[in-house]
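These notes are about the structure you will find just below.
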Amino acid sequence: RVRSSAASDVYKRQTWDCIYFGNYYQSNSSTKEPIKWRVLSVNGNDAFLLADQNLDAKPYNEEDTDVTWATCTLRTWLNGTFLNTAFTSAEQTAIKNTTVVNEDNPYYGTEGGVNTIDKVYLLSIAEASNTAYGFNGEFGTESGTRVAKNTAYAKECGAWETSEGNGWWWLRSPGDGSRDASSVDDDGDGFYDGGYV
């Protein structure tokens with residue numbers, strides 16, 4: 001077990017326990033390396049994990065159309081290609097099937113769609129502002145606890161980043177319309193309106 005220290009918020013500093021689990025391209029596109037995960041919570045034998053860095057660059061959906069987490073292509077990719085690339089069959093068995101609640105956007109009321117059952121999924125607005133997980137409770141404000149660096153591979157795949165290597169990341173919650181998904185920017189600022197899928 002290692003400790004990972006996130007950037008300081010204005011009001012507090014957050015440190016997560018971290019584990020390594022699975023392997024994915026990070027330094028380059030030819031060699032897979034162990035994935036570092038933040039442990040957001042532990043309940044008995046179950047751990048809720050978030051990748052410590054942005055691992056890849058994908059649209060929320062391959063088409064510009066009305067979409068929810070249940071119907072987006074990013075969900076299909078995460079629970080198919082990514083799952084099979086990053087985890088052995090034994091590791092996949094160890095990953096719990098989770099009933100994922102897809103709430104409406106709390107600011108705009110955009111429908112979140114039906115609940116899903118996933119092994120791998122994105123955080124929601126509520127989860128990305130849950131102080132029990134170590135995040136700043138003010139979603140629409142800059143927050144060091146939500147800042148994420150891109151891997152070199154993610155940048156190679158087209159991820160935009162700042163000169164410090166910070167990137168944006170998708171959330172599964174809808175944005176201000178059904179063709180938008182919420183997101184977190186390079187300063188850890190949560191966007192209720194999100195971006196085009």
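Residues are named by chain letter and number: chains run A, B, ... in the order of the structure tokens, numbers start at 1 in each chain, and ligands are numbered from 1 in the order shown.
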
Exercise for review: Name the residues of segment 45-152 of chain A that come out as alpha helix (DSSP H) in a backbone DSSP run; write them as a list in words.
Suggested key: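 After running DSSP on the backbone, segment 45-152 of chain A has alpha helix (DSSP H) at Thr73, Leu74, Arg75, Thr76, Trp77, Leu83, Asn84, Thr85, Ala86, Ser89, Ala90, Glu91, Gln92, Thr93, Ala94 and Ala152 of chain A.
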
What does the file look like for those residues with all heavy atoms, as a compact mmCIF listing (two decimals), in the first residue's frame?
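Contents of the output file result.txt:
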# COMPACT_ATOMS: atom_id res chain seq x y z
N THR A 73 -21.35 5.28 -25.73
CA THR A 73 -20.32 4.36 -26.20
C THR A 73 -19.14 4.28 -25.23
O THR A 73 -18.42 3.27 -25.22
CB THR A 73 -19.79 4.79 -27.60
OG1 THR A 73 -19.31 6.13 -27.54
CG2 THR A 73 -20.90 4.69 -28.64
N LEU A 74 -18.94 5.29 -24.40
CA LEU A 74 -17.85 5.24 -23.42
C LEU A 74 -18.10 4.13 -22.40
O LEU A 74 -17.18 3.41 -22.00
CB LEU A 74 -17.68 6.59 -22.72
CG LEU A 74 -16.52 6.70 -21.73
CD1 LEU A 74 -15.19 6.28 -22.36
CD2 LEU A 74 -16.42 8.12 -21.19
N ARG A 75 -19.36 3.96 -21.99
CA ARG A 75 -19.71 2.87 -21.06
C ARG A 75 -19.40 1.51 -21.70
O ARG A 75 -18.83 0.63 -21.07
CB ARG A 75 -21.19 2.96 -20.68
CG ARG A 75 -21.64 1.81 -19.83
CD ARG A 75 -23.10 1.96 -19.38
NE ARG A 75 -23.50 0.77 -18.67
CZ ARG A 75 -24.36 -0.13 -19.14
NH1 ARG A 75 -24.95 0.03 -20.31
NH2 ARG A 75 -24.64 -1.20 -18.43
N THR A 76 -19.78 1.35 -22.97
CA THR A 76 -19.51 0.10 -23.70
C THR A 76 -18.02 -0.16 -23.78
O THR A 76 -17.55 -1.28 -23.54
CB THR A 76 -20.12 0.17 -25.11
OG1 THR A 76 -21.51 0.45 -25.00
CG2 THR A 76 -19.92 -1.13 -25.86
N TRP A 77 -17.24 0.89 -24.08
CA TRP A 77 -15.78 0.74 -24.20
C TRP A 77 -15.16 0.37 -22.85
O TRP A 77 -14.31 -0.52 -22.77
CB TRP A 77 -15.18 2.04 -24.74
CG TRP A 77 -13.69 1.99 -24.88
CD1 TRP A 77 -12.97 1.46 -25.91
CD2 TRP A 77 -12.73 2.47 -23.93
NE1 TRP A 77 -11.63 1.58 -25.66
CE2 TRP A 77 -11.45 2.19 -24.45
CE3 TRP A 77 -12.83 3.11 -22.69
CZ2 TRP A 77 -10.28 2.53 -23.78
CZ3 TRP A 77 -11.66 3.44 -22.02
CH2 TRP A 77 -10.40 3.16 -22.57
N LEU A 83 -11.82 -3.04 -20.06
CA LEU A 83 -11.85 -4.12 -19.07
C LEU A 83 -10.97 -5.29 -19.52
O LEU A 83 -10.17 -5.82 -18.74
CB LEU A 83 -13.29 -4.57 -18.85
CG LEU A 83 -13.54 -5.58 -17.74
CD1 LEU A 83 -13.39 -4.94 -16.37
CD2 LEU A 83 -14.93 -6.20 -17.88
N ASN A 84 -11.10 -5.67 -20.79
CA ASN A 84 -10.35 -6.82 -21.30
C ASN A 84 -8.88 -6.52 -21.54
O ASN A 84 -8.04 -7.42 -21.49
CB ASN A 84 -11.00 -7.32 -22.60
CG ASN A 84 -12.37 -7.93 -22.35
OD1 ASN A 84 -12.58 -8.63 -21.37
ND2 ASN A 84 -13.31 -7.64 -23.23
N THR A 85 -8.56 -5.24 -21.78
CA THR A 85 -7.16 -4.85 -22.00
C THR A 85 -6.42 -4.68 -20.67
O THR A 85 -5.25 -5.07 -20.54
CB THR A 85 -7.09 -3.52 -22.79
OG1 THR A 85 -7.77 -3.69 -24.02
CG2 THR A 85 -5.65 -3.12 -23.06
N ALA A 86 -7.09 -4.10 -19.67
CA ALA A 86 -6.42 -3.73 -18.43
C ALA A 86 -6.39 -4.84 -17.38
O ALA A 86 -5.54 -4.82 -16.49
CB ALA A 86 -7.11 -2.50 -17.84
N SER A 89 -8.45 -12.27 -16.62
CA SER A 89 -9.76 -12.86 -16.32
C SER A 89 -9.95 -13.01 -14.82
O SER A 89 -11.05 -12.78 -14.30
CB SER A 89 -9.93 -14.20 -17.03
OG SER A 89 -8.90 -15.09 -16.67
N ALA A 90 -8.88 -13.33 -14.08
CA ALA A 90 -8.99 -13.44 -12.62
C ALA A 90 -9.27 -12.07 -11.99
O ALA A 90 -10.08 -11.96 -11.07
CB ALA A 90 -7.70 -14.03 -12.04
N GLU A 91 -8.61 -11.04 -12.50
CA GLU A 91 -8.85 -9.69 -11.99
C GLU A 91 -10.27 -9.23 -12.32
O GLU A 91 -10.93 -8.61 -11.49
CB GLU A 91 -7.83 -8.71 -12.58
CG GLU A 91 -6.43 -8.90 -12.01
CD GLU A 91 -5.36 -8.12 -12.76
OE1 GLU A 91 -5.58 -7.77 -13.95
OE2 GLU A 91 -4.29 -7.87 -12.17
N GLN A 92 -10.75 -9.56 -13.50
CA GLN A 92 -12.12 -9.19 -13.88
C GLN A 92 -13.14 -9.85 -12.95
O GLN A 92 -14.14 -9.22 -12.58
CB GLN A 92 -12.41 -9.59 -15.33
CG GLN A 92 -11.67 -8.75 -16.34
CD GLN A 92 -11.96 -9.15 -17.77
OE1 GLN A 92 -13.08 -9.48 -18.11
NE2 GLN A 92 -10.94 -9.11 -18.62
N THR A 93 -12.86 -11.09 -12.56
CA THR A 93 -13.75 -11.78 -11.62
C THR A 93 -13.78 -11.08 -10.27
O THR A 93 -14.81 -11.04 -9.59
CB THR A 93 -13.30 -13.25 -11.45
OG1 THR A 93 -13.33 -13.88 -12.74
CG2 THR A 93 -14.21 -14.01 -10.51
N ALA A 94 -12.65 -10.49 -9.88
CA ALA A 94 -12.55 -9.81 -8.58
C ALA A 94 -13.27 -8.46 -8.59
O ALA A 94 -13.56 -7.92 -7.52
CB ALA A 94 -11.08 -9.62 -8.20
N ALA A 152 1.11 9.86 -20.31
CA ALA A 152 1.68 10.16 -21.63
C ALA A 152 0.86 9.48 -22.72
O ALA A 152 0.65 10.05 -23.80
CB ALA A 152 3.13 9.68 -21.68

Which residues of segment 9-76 of chain A come within 7 Å of segment 157-178 of chain A, and what is each one's closest atom pair and distance in Å (one decimal), counting only C-alpha atoms, sorted by chain and residue number, as a tab-separated table?
residue	atom	partner	partner_atom	distance
A:Asp56	CA	A:Cys157	CA	6.6
A:Ala57	CA	A:Ala159	CA	5.2
A:Asp66	CA	A:Ser178	CA	4.9
A:Val67	CA	A:Ser178	CA	5.8
A:Thr68	CA	A:Pro174	CA	6.7
A:Trp69	CA	A:Arg172	CA	5.6

Store the residues picked out above, limited to all heavy atoms, as a PDB file, in the first residue's frame.
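Now in part_8.pdb:
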ATOM      1  N   ASP A  56      -6.854   7.422 -20.621  1.00  0.00           N
ATOM      2  CA  ASP A  56      -7.102   7.377 -22.058  1.00  0.00           C
ATOM      3  C   ASP A  56      -7.914   8.608 -22.443  1.00  0.00           C
ATOM      4  O   ASP A  56      -8.325   9.373 -21.570  1.00  0.00           O
ATOM      5  CB  ASP A  56      -7.856   6.089 -22.422  1.00  0.00           C
ATOM      6  CG  ASP A  56      -7.533   5.583 -23.821  1.00  0.00           C
ATOM      7  OD1 ASP A  56      -7.466   6.412 -24.758  1.00  0.00           O
ATOM      8  OD2 ASP A  56      -7.360   4.361 -23.998  1.00  0.00           O
ATOM      9  N   ALA A  57      -8.157   8.784 -23.725  1.00  0.00           N
ATOM     10  CA  ALA A  57      -8.950   9.911 -24.215  1.00  0.00           C
ATOM     11  C   ALA A  57     -10.017   9.380 -25.158  1.00  0.00           C
ATOM     12  O   ALA A  57      -9.701   8.850 -26.222  1.00  0.00           O
ATOM     13  CB  ALA A  57      -8.055  10.920 -24.931  1.00  0.00           C
ATOM     14  N   ASP A  66     -28.728  12.533 -28.556  1.00  0.00           N
ATOM     15  CA  ASP A  66     -29.227  12.412 -27.187  1.00  0.00           C
ATOM     16  C   ASP A  66     -28.726  11.098 -26.612  1.00  0.00           C
ATOM     17  O   ASP A  66     -28.846  10.047 -27.251  1.00  0.00           O
ATOM     18  CB  ASP A  66     -30.762  12.426 -27.168  1.00  0.00           C
ATOM     19  CG  ASP A  66     -31.330  13.781 -27.570  1.00  0.00           C
ATOM     20  OD1 ASP A  66     -30.555  14.749 -27.643  1.00  0.00           O
ATOM     21  OD2 ASP A  66     -32.540  13.856 -27.811  1.00  0.00           O
ATOM     22  N   VAL A  67     -28.180  11.158 -25.397  1.00  0.00           N
ATOM     23  CA  VAL A  67     -27.565   9.963 -24.822  1.00  0.00           C
ATOM     24  C   VAL A  67     -27.587  10.061 -23.307  1.00  0.00           C
ATOM     25  O   VAL A  67     -27.671  11.151 -22.732  1.00  0.00           O
ATOM     26  CB  VAL A  67     -26.108   9.822 -25.372  1.00  0.00           C
ATOM     27  CG1 VAL A  67     -25.210  10.895 -24.815  1.00  0.00           C
ATOM     28  CG2 VAL A  67     -25.546   8.441 -25.128  1.00  0.00           C
ATOM     29  N   THR A  68     -27.551   8.911 -22.651  1.00  0.00           N
ATOM     30  CA  THR A  68     -27.385   8.829 -21.203  1.00  0.00           C
ATOM     31  C   THR A  68     -26.208   7.899 -20.936  1.00  0.00           C
ATOM     32  O   THR A  68     -25.673   7.270 -21.864  1.00  0.00           O
ATOM     33  CB  THR A  68     -28.646   8.254 -20.516  1.00  0.00           C
ATOM     34  OG1 THR A  68     -28.843   6.905 -20.979  1.00  0.00           O
ATOM     35  CG2 THR A  68     -29.881   9.108 -20.800  1.00  0.00           C
ATOM     36  N   TRP A  69     -25.824   7.776 -19.669  1.00  0.00           N
ATOM     37  CA  TRP A  69     -24.750   6.848 -19.327  1.00  0.00           C
ATOM     38  C   TRP A  69     -25.092   5.435 -19.810  1.00  0.00           C
ATOM     39  O   TRP A  69     -24.244   4.723 -20.335  1.00  0.00           O
ATOM     40  CB  TRP A  69     -24.490   6.854 -17.820  1.00  0.00           C
ATOM     41  CG  TRP A  69     -23.536   5.781 -17.403  1.00  0.00           C
ATOM     42  CD1 TRP A  69     -23.812   4.678 -16.645  1.00  0.00           C
ATOM     43  CD2 TRP A  69     -22.143   5.683 -17.737  1.00  0.00           C
ATOM     44  NE1 TRP A  69     -22.683   3.898 -16.497  1.00  0.00           N
ATOM     45  CE2 TRP A  69     -21.647   4.500 -17.161  1.00  0.00           C
ATOM     46  CE3 TRP A  69     -21.285   6.477 -18.480  1.00  0.00           C
ATOM     47  CZ2 TRP A  69     -20.325   4.093 -17.294  1.00  0.00           C
ATOM     48  CZ3 TRP A  69     -19.956   6.075 -18.615  1.00  0.00           C
ATOM     49  CH2 TRP A  69     -19.496   4.903 -18.033  1.00  0.00           C
TER      50      TRP A  69
END

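Once Glu156 of chain A and its same-chain neighbours fewer than 5 positions away are set aside, Tyr25, Gln26, Ser27, Asn28, Ser29, Ser30, Asn54, Leu55, Asp56, Ala57, Lys58, Asn150, Thr151 and Glu161 of chain A remain within 12 Å of it when counting only C-alpha atoms.
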
Point to revise | Residue with smallest distance to Gly144 of chain A - pool A:Asp187, A:Asp46, A:Asp64, A:Asp52, counting only C-alpha atoms | key: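 Distance minimum relative to Gly144 of chain A lands on A:Asp187.
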
Check your understanding: Running DSSP on the backbone, which parts of segment 5-116 of chain A land in strand (DSSP E), as a VMD selection string?
Key -> chain A and resid 5 15 to 25 32 to 43 46 to 51 53 to 54 98 to 100 116

Suppose we keep N, CA and C atoms; can you now write the selection as a short mmCIF file (atom, residue, chain, number, x, y, z; two decimals), in the first residue's frame?
data_model
loop_
_atom_site.label_atom_id
_atom_site.label_comp_id
_atom_site.auth_asym_id
_atom_site.auth_seq_id
_atom_site.Cartn_x
_atom_site.Cartn_y
_atom_site.Cartn_z
N SER A 5 -0.58 11.83 -2.35
CA SER A 5 -1.02 13.13 -1.85
C SER A 5 -1.51 13.99 -3.01
N THR A 15 -5.22 13.15 1.43
CA THR A 15 -4.34 12.04 1.12
C THR A 15 -5.16 10.77 1.05
N TRP A 16 -4.97 10.02 -0.04
CA TRP A 16 -5.68 8.76 -0.21
C TRP A 16 -4.72 7.59 -0.03
N ASP A 17 -5.24 6.46 0.46
CA ASP A 17 -4.53 5.20 0.31
C ASP A 17 -4.63 4.83 -1.17
N CYS A 18 -3.62 4.19 -1.69
CA CYS A 18 -3.64 3.78 -3.09
C CYS A 18 -3.22 2.32 -3.22
N ILE A 19 -3.72 1.68 -4.27
CA ILE A 19 -3.32 0.31 -4.59
C ILE A 19 -2.99 0.25 -6.08
N TYR A 20 -2.26 -0.79 -6.47
CA TYR A 20 -2.01 -1.06 -7.88
C TYR A 20 -2.80 -2.30 -8.26
N PHE A 21 -3.55 -2.19 -9.36
CA PHE A 21 -4.42 -3.28 -9.79
C PHE A 21 -4.62 -3.17 -11.29
N GLY A 22 -4.38 -4.25 -12.01
CA GLY A 22 -4.50 -4.23 -13.46
C GLY A 22 -3.32 -3.54 -14.11
N ASN A 23 -3.26 -3.59 -15.42
CA ASN A 23 -2.17 -2.98 -16.19
C ASN A 23 -2.73 -2.33 -17.44
N TYR A 24 -2.23 -1.11 -17.77
CA TYR A 24 -2.70 -0.41 -18.96
C TYR A 24 -1.56 0.44 -19.50
N TYR A 25 -1.68 0.82 -20.77
CA TYR A 25 -0.67 1.68 -21.40
C TYR A 25 -0.65 3.02 -20.69
N LYS A 32 2.33 -2.17 -21.24
CA LYS A 32 1.36 -1.92 -20.18
C LYS A 32 2.09 -1.87 -18.83
N GLU A 33 1.60 -0.99 -17.96
CA GLU A 33 2.19 -0.81 -16.63
C GLU A 33 1.08 -0.89 -15.58
N PRO A 34 1.44 -1.22 -14.31
CA PRO A 34 0.41 -1.31 -13.26
C PRO A 34 -0.35 0.00 -13.10
N ILE A 35 -1.67 -0.11 -12.94
CA ILE A 35 -2.54 1.05 -12.77
C ILE A 35 -2.62 1.40 -11.29
N LYS A 36 -2.37 2.66 -10.99
CA LYS A 36 -2.48 3.16 -9.62
C LYS A 36 -3.90 3.69 -9.39
N TRP A 37 -4.54 3.23 -8.31
CA TRP A 37 -5.92 3.60 -7.99
C TRP A 37 -5.98 4.26 -6.62
N ARG A 38 -6.77 5.33 -6.50
CA ARG A 38 -7.08 5.93 -5.20
C ARG A 38 -8.19 5.09 -4.57
N VAL A 39 -8.05 4.79 -3.31
CA VAL A 39 -9.11 4.08 -2.57
C VAL A 39 -10.04 5.14 -1.98
N LEU A 40 -11.21 5.29 -2.59
CA LEU A 40 -12.16 6.30 -2.13
C LEU A 40 -12.91 5.85 -0.88
N SER A 41 -13.21 4.56 -0.81
CA SER A 41 -13.88 4.02 0.38
C SER A 41 -13.69 2.52 0.43
N VAL A 42 -13.86 1.97 1.63
CA VAL A 42 -13.80 0.52 1.83
C VAL A 42 -15.02 0.12 2.65
N ASN A 43 -15.71 -0.91 2.18
CA ASN A 43 -16.87 -1.45 2.89
C ASN A 43 -16.71 -2.95 2.95
N ASP A 46 -15.09 -4.85 -0.02
CA ASP A 46 -15.25 -4.07 -1.24
C ASP A 46 -14.52 -2.73 -1.12
N ALA A 47 -13.74 -2.41 -2.14
CA ALA A 47 -13.07 -1.11 -2.20
C ALA A 47 -13.59 -0.36 -3.42
N PHE A 48 -13.88 0.93 -3.25
CA PHE A 48 -14.34 1.79 -4.33
C PHE A 48 -13.12 2.57 -4.81
N LEU A 49 -12.72 2.37 -6.06
CA LEU A 49 -11.46 2.88 -6.57
C LEU A 49 -11.66 3.90 -7.69
N LEU A 50 -10.75 4.85 -7.77
CA LEU A 50 -10.70 5.83 -8.86
C LEU A 50 -9.27 5.86 -9.39
N ALA A 51 -9.11 5.74 -10.70
CA ALA A 51 -7.77 5.81 -11.28
C ALA A 51 -7.11 7.12 -10.87
N GLN A 53 -4.80 8.75 -12.41
CA GLN A 53 -4.54 9.61 -13.56
C GLN A 53 -5.58 9.35 -14.64
N ASN A 54 -5.69 10.27 -15.59
CA ASN A 54 -6.51 10.04 -16.78
C ASN A 54 -5.76 9.05 -17.66
N THR A 98 -21.59 -3.68 -10.10
CA THR A 98 -22.22 -2.66 -9.26
C THR A 98 -23.49 -2.13 -9.92
N THR A 99 -24.55 -2.02 -9.14
CA THR A 99 -25.74 -1.32 -9.62
C THR A 99 -25.44 0.17 -9.53
N VAL A 100 -25.33 0.79 -10.68
CA VAL A 100 -24.94 2.20 -10.78
C VAL A 100 -26.19 3.06 -10.91
N THR A 116 -27.79 1.22 -14.24
CA THR A 116 -27.04 0.21 -15.00
C THR A 116 -26.31 -0.73 -14.05
#

**Study point:** Between atom CA of Lys119 of chain A and atom CA of Lys96 of chain A, distance in Å (one decimal)
**Key:**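 Interatomic distance here is 5.9 Å.
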